[in-house]
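Below: data39.pdb (PDB, C-alpha atoms)
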ATOM      1  CA  MET A   3    -107.204 -78.240 122.633
ATOM      2  CA  LEU A   4    -105.131 -78.057 125.778
ATOM      3  CA  TRP A   5    -104.810 -80.843 128.294
ATOM      4  CA  ALA A   6    -103.806 -80.177 131.888
ATOM      5  CA  MET A   7    -102.868 -82.031 135.044
ATOM      6  CA  PRO A   8    -103.416 -81.230 138.777
ATOM      7  CA  CYS A   9     -99.615 -69.773 135.802
ATOM      8  CA  CYS A  10     -98.266 -67.375 136.933
ATOM      9  CA  PHE A  11     -95.615 -65.541 134.945
ATOM     10  CA  SER A  12     -94.544 -63.977 138.212
ATOM     11  CA  PHE A  13     -93.046 -67.329 139.169
ATOM     12  CA  PHE A  14     -91.003 -67.541 135.983
ATOM     13  CA  ARG A  15     -87.305 -67.613 136.710
ATOM     14  CA  CYS A  16     -84.525 -69.644 135.216
ATOM     15  CA  ARG A  17     -81.982 -70.416 137.887
ATOM     16  CA  PHE A  18     -79.690 -72.578 135.770
ATOM     17  CA  GLU A  19     -78.953 -70.455 132.712
ATOM     18  CA  ASP A  20     -75.387 -69.697 133.820
ATOM     19  CA  ASP A  21     -74.538 -73.382 134.169
ATOM     20  CA  LEU A  22     -76.077 -74.897 131.069
ATOM     21  CA  GLU A  23     -75.795 -74.201 127.407
ATOM     22  CA  GLY A  24     -78.885 -72.622 125.862
ATOM     23  CA  GLY A  25     -80.854 -72.419 129.116
ATOM     24  CA  THR A  26     -81.573 -76.167 129.112
ATOM     25  CA  CYS A  27     -81.146 -78.364 132.172
ATOM     26  CA  GLN A  28     -80.809 -82.149 132.423
ATOM     27  CA  ILE A  29     -81.898 -83.435 135.833
ATOM     28  CA  SER A  30     -82.406 -86.817 137.461
ATOM     29  CA  LEU A  31     -85.433 -86.700 139.754
ATOM     30  CA  GLN A  32     -86.110 -89.436 142.305
ATOM     31  CA  ARG A  33     -89.539 -90.078 143.784
ATOM     32  CA  HIS A  34     -90.800 -92.689 146.205
ATOM     33  CA  ALA A  35     -93.674 -95.038 145.401
ATOM     34  CA  GLY A  36     -96.901 -93.094 145.652
ATOM     35  CA  GLN A  37     -95.129 -89.739 146.078
ATOM     36  CA  ALA A  38     -96.806 -86.847 144.282
ATOM     37  CA  LEU A  39     -94.750 -85.021 141.682
ATOM     38  CA  GLY A  40     -95.949 -81.576 142.753
ATOM     39  CA  ILE A  41     -96.514 -79.667 139.511
ATOM     40  CA  MET A  42     -99.452 -78.488 137.440
ATOM     41  CA  ALA A  43     -98.691 -78.780 133.756
ATOM     42  CA  ALA A  44    -100.380 -78.488 130.372
ATOM     43  CA  TYR A  45     -99.637 -79.646 126.866
ATOM     44  CA  CYS A  46    -101.094 -79.616 123.367
ATOM     45  CA  PRO A  47    -101.689 -83.008 121.691
ATOM     46  CA  ASP A  48     -99.336 -83.851 118.819
ATOM     47  CA  TYR A  49     -96.722 -81.376 120.079
ATOM     48  CA  ASP A  50     -93.549 -82.115 121.987
ATOM     49  CA  GLY A  51     -93.093 -81.242 125.636
ATOM     50  CA  LEU A  52     -95.326 -79.750 128.276
ATOM     51  CA  VAL A  53     -95.334 -76.469 130.173
ATOM     52  CA  ILE A  54     -95.170 -76.107 133.960
ATOM     53  CA  GLU A  55     -98.141 -73.930 134.938
ATOM     54  CA  GLY A  56     -97.364 -73.902 138.624
ATOM     55  CA  LEU A  57     -96.356 -75.905 141.672
ATOM     56  CA  THR A  58     -98.672 -77.484 144.224
ATOM     57  CA  GLU A  59     -98.555 -76.243 147.797
ATOM     58  CA  GLU A  60     -97.550 -79.560 149.392
ATOM     59  CA  SER A  61     -94.033 -79.601 150.842
ATOM     60  CA  ASP A  62     -93.405 -83.346 150.550
ATOM     61  CA  THR A  63     -93.591 -83.688 146.773
ATOM     62  CA  ALA A  64     -90.727 -84.822 144.562
ATOM     63  CA  ILE A  65     -90.429 -81.378 142.959
ATOM     64  CA  ALA A  66     -90.498 -79.575 146.312
ATOM     65  CA  LYS A  67     -87.676 -81.809 147.548
ATOM     66  CA  TRP A  68     -85.679 -81.221 144.353
ATOM     67  CA  ASN A  69     -86.072 -77.452 144.608
ATOM     68  CA  GLN A  70     -84.995 -77.498 148.237
ATOM     69  CA  GLU A  71     -81.876 -79.524 147.493
ATOM     70  CA  HIS A  72     -81.024 -77.779 144.200
ATOM     71  CA  PRO A  73     -81.712 -74.040 144.529
ATOM     72  CA  GLU A  74     -79.456 -73.400 141.536
ATOM     73  CA  ALA A  75     -81.750 -75.441 139.252
ATOM     74  CA  GLU A  76     -85.267 -75.012 140.616
ATOM     75  CA  LEU A  77     -88.200 -76.289 138.598
ATOM     76  CA  LEU A  78     -90.656 -73.387 138.416
ATOM     77  CA  ALA A  79     -93.725 -72.215 136.552
ATOM     78  CA  GLY A  80     -92.913 -70.944 133.082
ATOM     79  CA  LEU A  81     -90.403 -73.663 132.239
ATOM     80  CA  ALA A  82     -90.987 -76.432 129.706
ATOM     81  CA  ILE A  83     -90.290 -80.121 130.245
ATOM     82  CA  VAL A  84     -89.147 -81.289 126.826
ATOM     83  CA  GLU A  85     -88.199 -84.886 127.619
ATOM     84  CA  VAL A  86     -88.760 -87.483 130.351
ATOM     85  CA  ASN A  87     -87.064 -90.882 130.188
ATOM     86  CA  GLY A  88     -86.699 -90.523 126.438
ATOM     87  CA  ARG A  89     -90.337 -89.509 125.902
ATOM     88  CA  ARG A  90     -90.965 -86.246 124.071
ATOM     89  CA  LYS A  91     -94.638 -86.060 123.084
ATOM     90  CA  GLY A  92     -96.782 -84.212 125.607
ATOM     91  CA  GLU A  93     -99.150 -87.123 126.279
ATOM     92  CA  GLU A  94     -96.216 -89.549 126.606
ATOM     93  CA  ILE A  95     -94.452 -87.272 129.095
ATOM     94  CA  MET A  96     -97.693 -86.882 131.056
ATOM     95  CA  ALA A  97     -98.098 -90.647 131.244
ATOM     96  CA  GLU A  98     -94.499 -91.040 132.430
ATOM     97  CA  LEU A  99     -95.044 -88.490 135.214
ATOM     98  CA  ARG A 100     -98.166 -90.140 136.609
ATOM     99  CA  PRO A 101     -97.956 -91.854 140.023
ATOM    100  CA  GLY A 102     -97.027 -95.512 139.821
ATOM    101  CA  ARG A 103     -94.768 -95.108 136.823
ATOM    102  CA  ALA A 104     -90.979 -94.729 136.892
ATOM    103  CA  GLU A 105     -89.412 -93.763 140.222
ATOM    104  CA  THR A 106     -86.424 -92.226 138.426
ATOM    105  CA  LEU A 107     -87.292 -89.411 136.052
ATOM    106  CA  GLU A 108     -84.531 -88.337 133.679
ATOM    107  CA  MET A 109     -85.844 -84.926 132.668
ATOM    108  CA  ARG A 110     -84.713 -82.269 130.241
ATOM    109  CA  VAL A 111     -86.085 -78.841 131.145
ATOM    110  CA  THR A 112     -85.707 -75.583 129.257
ATOM    111  CA  GLN A 113     -86.514 -71.916 129.605
ATOM    112  CA  ASN A 114     -86.680 -71.563 125.800
ATOM    113  CA  LEU A 115     -90.373 -72.061 125.095
ATOM    114  CA  THR A 116     -91.646 -72.611 121.559
ATOM    115  CA  PRO A 117     -94.451 -70.372 120.225
ATOM    116  CA  VAL A 118     -96.952 -73.172 120.911
ATOM    117  CA  GLN A 119     -95.713 -73.530 124.491
ATOM    118  CA  TRP A 120     -95.988 -69.770 125.047
ATOM    119  CA  THR A 121     -99.589 -69.986 123.826
ATOM    120  CA  ILE A 122    -100.270 -72.854 126.236
ATOM    121  CA  LEU A 123     -98.808 -70.865 129.123
ATOM    122  CA  ARG A 124    -100.820 -67.738 128.275
ATOM    123  CA  GLU A 125    -104.029 -69.774 127.974
ATOM    124  CA  ALA A 126    -103.361 -71.512 131.278
ATOM    125  CA  LYS A 127    -102.806 -68.154 132.941
ATOM    126  CA  ARG A 128    -106.038 -66.792 131.437
ATOM    127  CA  LYS A 129    -108.054 -69.794 132.655
ATOM    128  CA  LYS A 130    -106.579 -69.512 136.126
ATOM    129  CA  ARG A 131    -107.455 -65.811 136.254
ATOM    130  CA  CYS A 132    -111.029 -66.556 135.124
ATOM    131  CA  LEU A 133    -111.444 -69.238 137.784
ATOM    132  CA  GLU A 134    -110.182 -66.914 140.490
ATOM    133  CA  ARG A 135    -112.498 -64.165 139.303
ATOM    134  CA  ALA A 136    -115.452 -66.598 139.162
ATOM    135  CA  LYS A 137    -114.862 -67.521 142.806
ATOM    136  CA  GLU A 138    -114.782 -63.862 143.788
ATOM    137  CA  VAL A 139    -117.981 -63.170 141.855
ATOM    138  CA  GLU A 140    -119.711 -66.195 143.366
ATOM    139  CA  GLY A 141    -118.922 -64.864 146.825
ATOM    140  CA  LEU A 142    -120.518 -61.517 145.947
ATOM    141  CA  LEU A 143    -123.589 -63.267 144.533
ATOM    142  CA  GLU A 144    -124.337 -64.733 147.959
ATOM    143  CA  LEU A 145    -125.872 -61.333 148.722
ATOM    144  CA  LEU A 146    -128.336 -61.752 145.844
ATOM    145  CA  VAL A 147    -129.635 -65.276 146.497
ATOM    146  CA  VAL A 148    -133.398 -65.587 146.078
ATOM    147  CA  SER A 149    -135.331 -67.212 148.932
ATOM    148  CA  GLY A 150    -136.197 -70.855 148.578
ATOM    149  CA  ASP A 151    -139.968 -70.253 148.559
ATOM    150  CA  ASP A 152    -139.820 -67.791 145.648
ATOM    151  CA  ARG A 153    -141.529 -69.983 143.046
ATOM    152  CA  ASP A 154    -143.848 -67.480 141.374
ATOM    153  CA  ALA A 155    -142.664 -68.503 137.902
ATOM    154  CA  PRO A 156    -142.245 -72.309 137.834
ATOM    155  CA  ASP A 157    -141.553 -72.394 134.093
ATOM    156  CA  GLU A 158    -139.075 -69.517 134.130
ATOM    157  CA  CYS A 159    -135.832 -70.208 132.258
ATOM    158  CA  CYS A 160    -132.348 -68.846 132.806
ATOM    159  CA  SER A 161    -131.624 -66.546 129.858
ATOM    160  CA  ILE A 162    -127.926 -67.454 129.938
ATOM    161  CA  CYS A 163    -128.092 -71.262 129.670
ATOM    162  CA  LEU A 164    -131.798 -71.498 128.600
ATOM    163  CA  ASP A 165    -132.511 -74.262 131.134
ATOM    164  CA  LYS A 166    -135.388 -74.100 133.626
ATOM    165  CA  MET A 167    -134.661 -71.874 136.558
ATOM    166  CA  HIS A 168    -136.085 -73.890 139.428
ATOM    167  CA  GLY A 169    -134.403 -76.977 140.817
ATOM    168  CA  SER A 170    -134.798 -78.906 144.023
ATOM    169  CA  ASN A 171    -132.963 -76.180 145.943
ATOM    170  CA  THR A 172    -133.902 -72.807 144.466
ATOM    171  CA  ALA A 173    -131.981 -70.769 147.042
ATOM    172  CA  ALA A 174    -128.752 -72.496 146.079
ATOM    173  CA  VAL A 175    -129.065 -72.062 142.301
ATOM    174  CA  MET A 176    -130.834 -68.764 141.569
ATOM    175  CA  VAL A 177    -129.948 -65.093 141.991
ATOM    176  CA  ARG A 178    -131.709 -61.810 141.278
ATOM    177  CA  LEU A 179    -129.660 -58.880 140.034
ATOM    178  CA  PRO A 180    -130.429 -55.295 141.178
ATOM    179  CA  CYS A 181    -132.309 -54.749 137.897
ATOM    180  CA  GLY A 182    -134.721 -57.550 138.858
ATOM    181  CA  HIS A 183    -133.689 -60.155 136.298
ATOM    182  CA  ARG A 184    -132.975 -63.630 137.607
ATOM    183  CA  PHE A 185    -130.513 -66.285 136.468
ATOM    184  CA  HIS A 186    -128.810 -69.425 137.708
ATOM    185  CA  LYS A 187    -126.142 -68.534 140.216
ATOM    186  CA  ILE A 188    -123.400 -70.465 138.440
ATOM    187  CA  CYS A 189    -124.375 -68.942 135.071
ATOM    188  CA  THR A 190    -124.265 -65.453 136.537
ATOM    189  CA  ALA A 191    -120.852 -66.085 138.081
ATOM    190  CA  LYS A 192    -119.465 -67.255 134.729
ATOM    191  CA  TRP A 193    -121.077 -64.296 132.933
ATOM    192  CA  PHE A 194    -119.438 -61.716 135.180
ATOM    193  CA  ALA A 195    -116.163 -63.641 135.359
ATOM    194  CA  SER A 196    -115.918 -63.473 131.565
ATOM    195  CA  GLY A 197    -115.504 -59.706 131.852
ATOM    196  CA  SER A 198    -119.055 -58.405 131.441
ATOM    197  CA  GLN A 199    -120.286 -55.973 134.101
ATOM    198  CA  LYS A 200    -123.886 -55.647 132.947
ATOM    199  CA  CYS A 201    -127.058 -57.711 133.103
ATOM    200  CA  PRO A 202    -127.257 -60.219 130.210
ATOM    201  CA  LEU A 203    -130.814 -59.082 129.422
ATOM    202  CA  CYS A 204    -131.114 -55.343 129.941
ATOM    203  CA  ASN A 205    -127.396 -54.579 129.536
TER
END
Could the structure of this file be written out as structure tokens, please?
Amino acid sequence: MLWAMPCCFSFFRCRFEDDLEGGTCQISLQRHAGQALGIMAAYCPDYDGLVIEGLTEESDTAIAKWNQEHPEAELLAGLAIVEVNGRRKGEEIMAELRPGRAETLEMRVTQNLTPVQWTILREAKRKKRCLERAKEVEGLLELLVVSGDDRDAPDECCSICLDKMHGSNTAAVMVRLPCGHRFHKICTAKWFASGSQKCPLCN
């Protein structure tokens, strides 16, 4: 199981490999009380380190400030944080990075990911791609929303999740595909986002 905090391989660059042995960087990061760190990261319980999935868009985070002041040693998606203030386990590092903890973060960062960390990064990238696709699909489904007074089958169930179709706001939760079959909007979005391009019932 992966755990994440609020990946794109395209961001992956190591800017410090010429300066440090083995592509590993030791940095001292300062953050003010309440200042956001500015990364999205994931880890696997019982394994050391965590992987940077991406950076947040805010410009006043501790990481954004570090990257601006140290262009030769930027912290970017695709790198692994292997130690923070002496902590090495993923959950311990995550706890150390949370707001309200240490203001000085002694971090060891590497471009040399372990097989487990590569798996975490690939899975994070896959989930991000699925979420983006689900949002795109949901936007397209707006064109298929059934009217709110369409209650001709009060006991009808969604064939994807098997729950009853009708809620308090039918127009917001139900869609009809061109073939005529109807499903919950969110279920349909997830179905198409998973890669299927056909109706779950008539295929």
Could you give me, as an mmCIF file with C-alpha atoms, keeping the file's coordinate frame, the residues within 7 Å of A:Thr63, counting only C-alpha atoms and dropping anything in the same chain fewer than 4 positions from it?
data_model
loop_
_atom_site.group_PDB
_atom_site.id
_atom_site.type_symbol
_atom_site.label_atom_id
_atom_site.label_comp_id
_atom_site.auth_asym_id
_atom_site.auth_seq_id
_atom_site.Cartn_x
_atom_site.Cartn_y
_atom_site.Cartn_z
ATOM 1 C CA GLN A 37 -95.129 -89.739 146.078
ATOM 2 C CA ALA A 38 -96.806 -86.847 144.282
ATOM 3 C CA LEU A 39 -94.750 -85.021 141.682
ATOM 4 C CA GLY A 40 -95.949 -81.576 142.753
ATOM 5 C CA LYS A 67 -87.676 -81.809 147.548
#
Check: Which polymer residues have any atom within 8 Å of an atom of A:Gly51, counting only C-alpha atoms, with same-chain residues fewer than 5 positions away left out, as a list in words?
Finding: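 Contacts, with the query itself left out: Tyr45, Ala82, Ile83, Val84, Glu85, Arg90, Lys91, Gly92 and Ile95 of chain A.
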Item checked: Selection near A:Arg128, 12 Å with only C-alpha atoms, sequence-local residues under 4 positions removed, as JSON, numbers by chain -> {"A": [9, 10, 11, 55, 121, 122, 123, 124, 132, 133, 134, 135, 195, 196, 197]}
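With atom CA of A:Arg89 on one side and atom CA of A:Glu71 on the other, the separation reads 25.2 Å.
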Next item on the list: Rank A:His34, A:Arg103, A:Arg110, A:His72 by their smallest atom-to-atom distance to A:Val86, using all atoms listed in the file, and report the top residue only.
Entry: A:Arg110
Notebook entry, point to check: How far is it from atom CA of A:Gly80 to atom CA of A:Val53, in Å with one decimal?
Noted result: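 Spanning atom CA of A:Gly80 to atom CA of A:Val53 is a straight-line distance of 6.7 Å.
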Can you translate the PyMOL selection byres ((chain A and resi 160) around 12) into the concrete residues it hits in this file, as a PDB file with C-alpha atoms, in the frame of the given file?
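Done, and the output landed in selection00.pdb:
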ATOM      1  CA  ALA A 155    -142.664 -68.503 137.902  1.00  0.00           C
ATOM      2  CA  PRO A 156    -142.245 -72.309 137.834  1.00  0.00           C
ATOM      3  CA  ASP A 157    -141.553 -72.394 134.093  1.00  0.00           C
ATOM      4  CA  GLU A 158    -139.075 -69.517 134.130  1.00  0.00           C
ATOM      5  CA  CYS A 159    -135.832 -70.208 132.258  1.00  0.00           C
ATOM      6  CA  SER A 161    -131.624 -66.546 129.858  1.00  0.00           C
ATOM      7  CA  ILE A 162    -127.926 -67.454 129.938  1.00  0.00           C
ATOM      8  CA  CYS A 163    -128.092 -71.262 129.670  1.00  0.00           C
ATOM      9  CA  LEU A 164    -131.798 -71.498 128.600  1.00  0.00           C
ATOM     10  CA  ASP A 165    -132.511 -74.262 131.134  1.00  0.00           C
ATOM     11  CA  LYS A 166    -135.388 -74.100 133.626  1.00  0.00           C
ATOM     12  CA  MET A 167    -134.661 -71.874 136.558  1.00  0.00           C
ATOM     13  CA  HIS A 168    -136.085 -73.890 139.428  1.00  0.00           C
ATOM     14  CA  GLY A 169    -134.403 -76.977 140.817  1.00  0.00           C
ATOM     15  CA  VAL A 175    -129.065 -72.062 142.301  1.00  0.00           C
ATOM     16  CA  MET A 176    -130.834 -68.764 141.569  1.00  0.00           C
ATOM     17  CA  VAL A 177    -129.948 -65.093 141.991  1.00  0.00           C
ATOM     18  CA  ARG A 178    -131.709 -61.810 141.278  1.00  0.00           C
ATOM     19  CA  HIS A 183    -133.689 -60.155 136.298  1.00  0.00           C
ATOM     20  CA  ARG A 184    -132.975 -63.630 137.607  1.00  0.00           C
ATOM     21  CA  PHE A 185    -130.513 -66.285 136.468  1.00  0.00           C
ATOM     22  CA  HIS A 186    -128.810 -69.425 137.708  1.00  0.00           C
ATOM     23  CA  LYS A 187    -126.142 -68.534 140.216  1.00  0.00           C
ATOM     24  CA  ILE A 188    -123.400 -70.465 138.440  1.00  0.00           C
ATOM     25  CA  CYS A 189    -124.375 -68.942 135.071  1.00  0.00           C
ATOM     26  CA  THR A 190    -124.265 -65.453 136.537  1.00  0.00           C
ATOM     27  CA  PRO A 202    -127.257 -60.219 130.210  1.00  0.00           C
ATOM     28  CA  LEU A 203    -130.814 -59.082 129.422  1.00  0.00           C
TER      29      LEU A 203
END
Check: Any idea what the distance is between atom CA of A:Arg131 and atom CA of A:Cys204?
Finding: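 Atom CA of A:Cys204 lies 26.6 Å from atom CA of A:Arg131.
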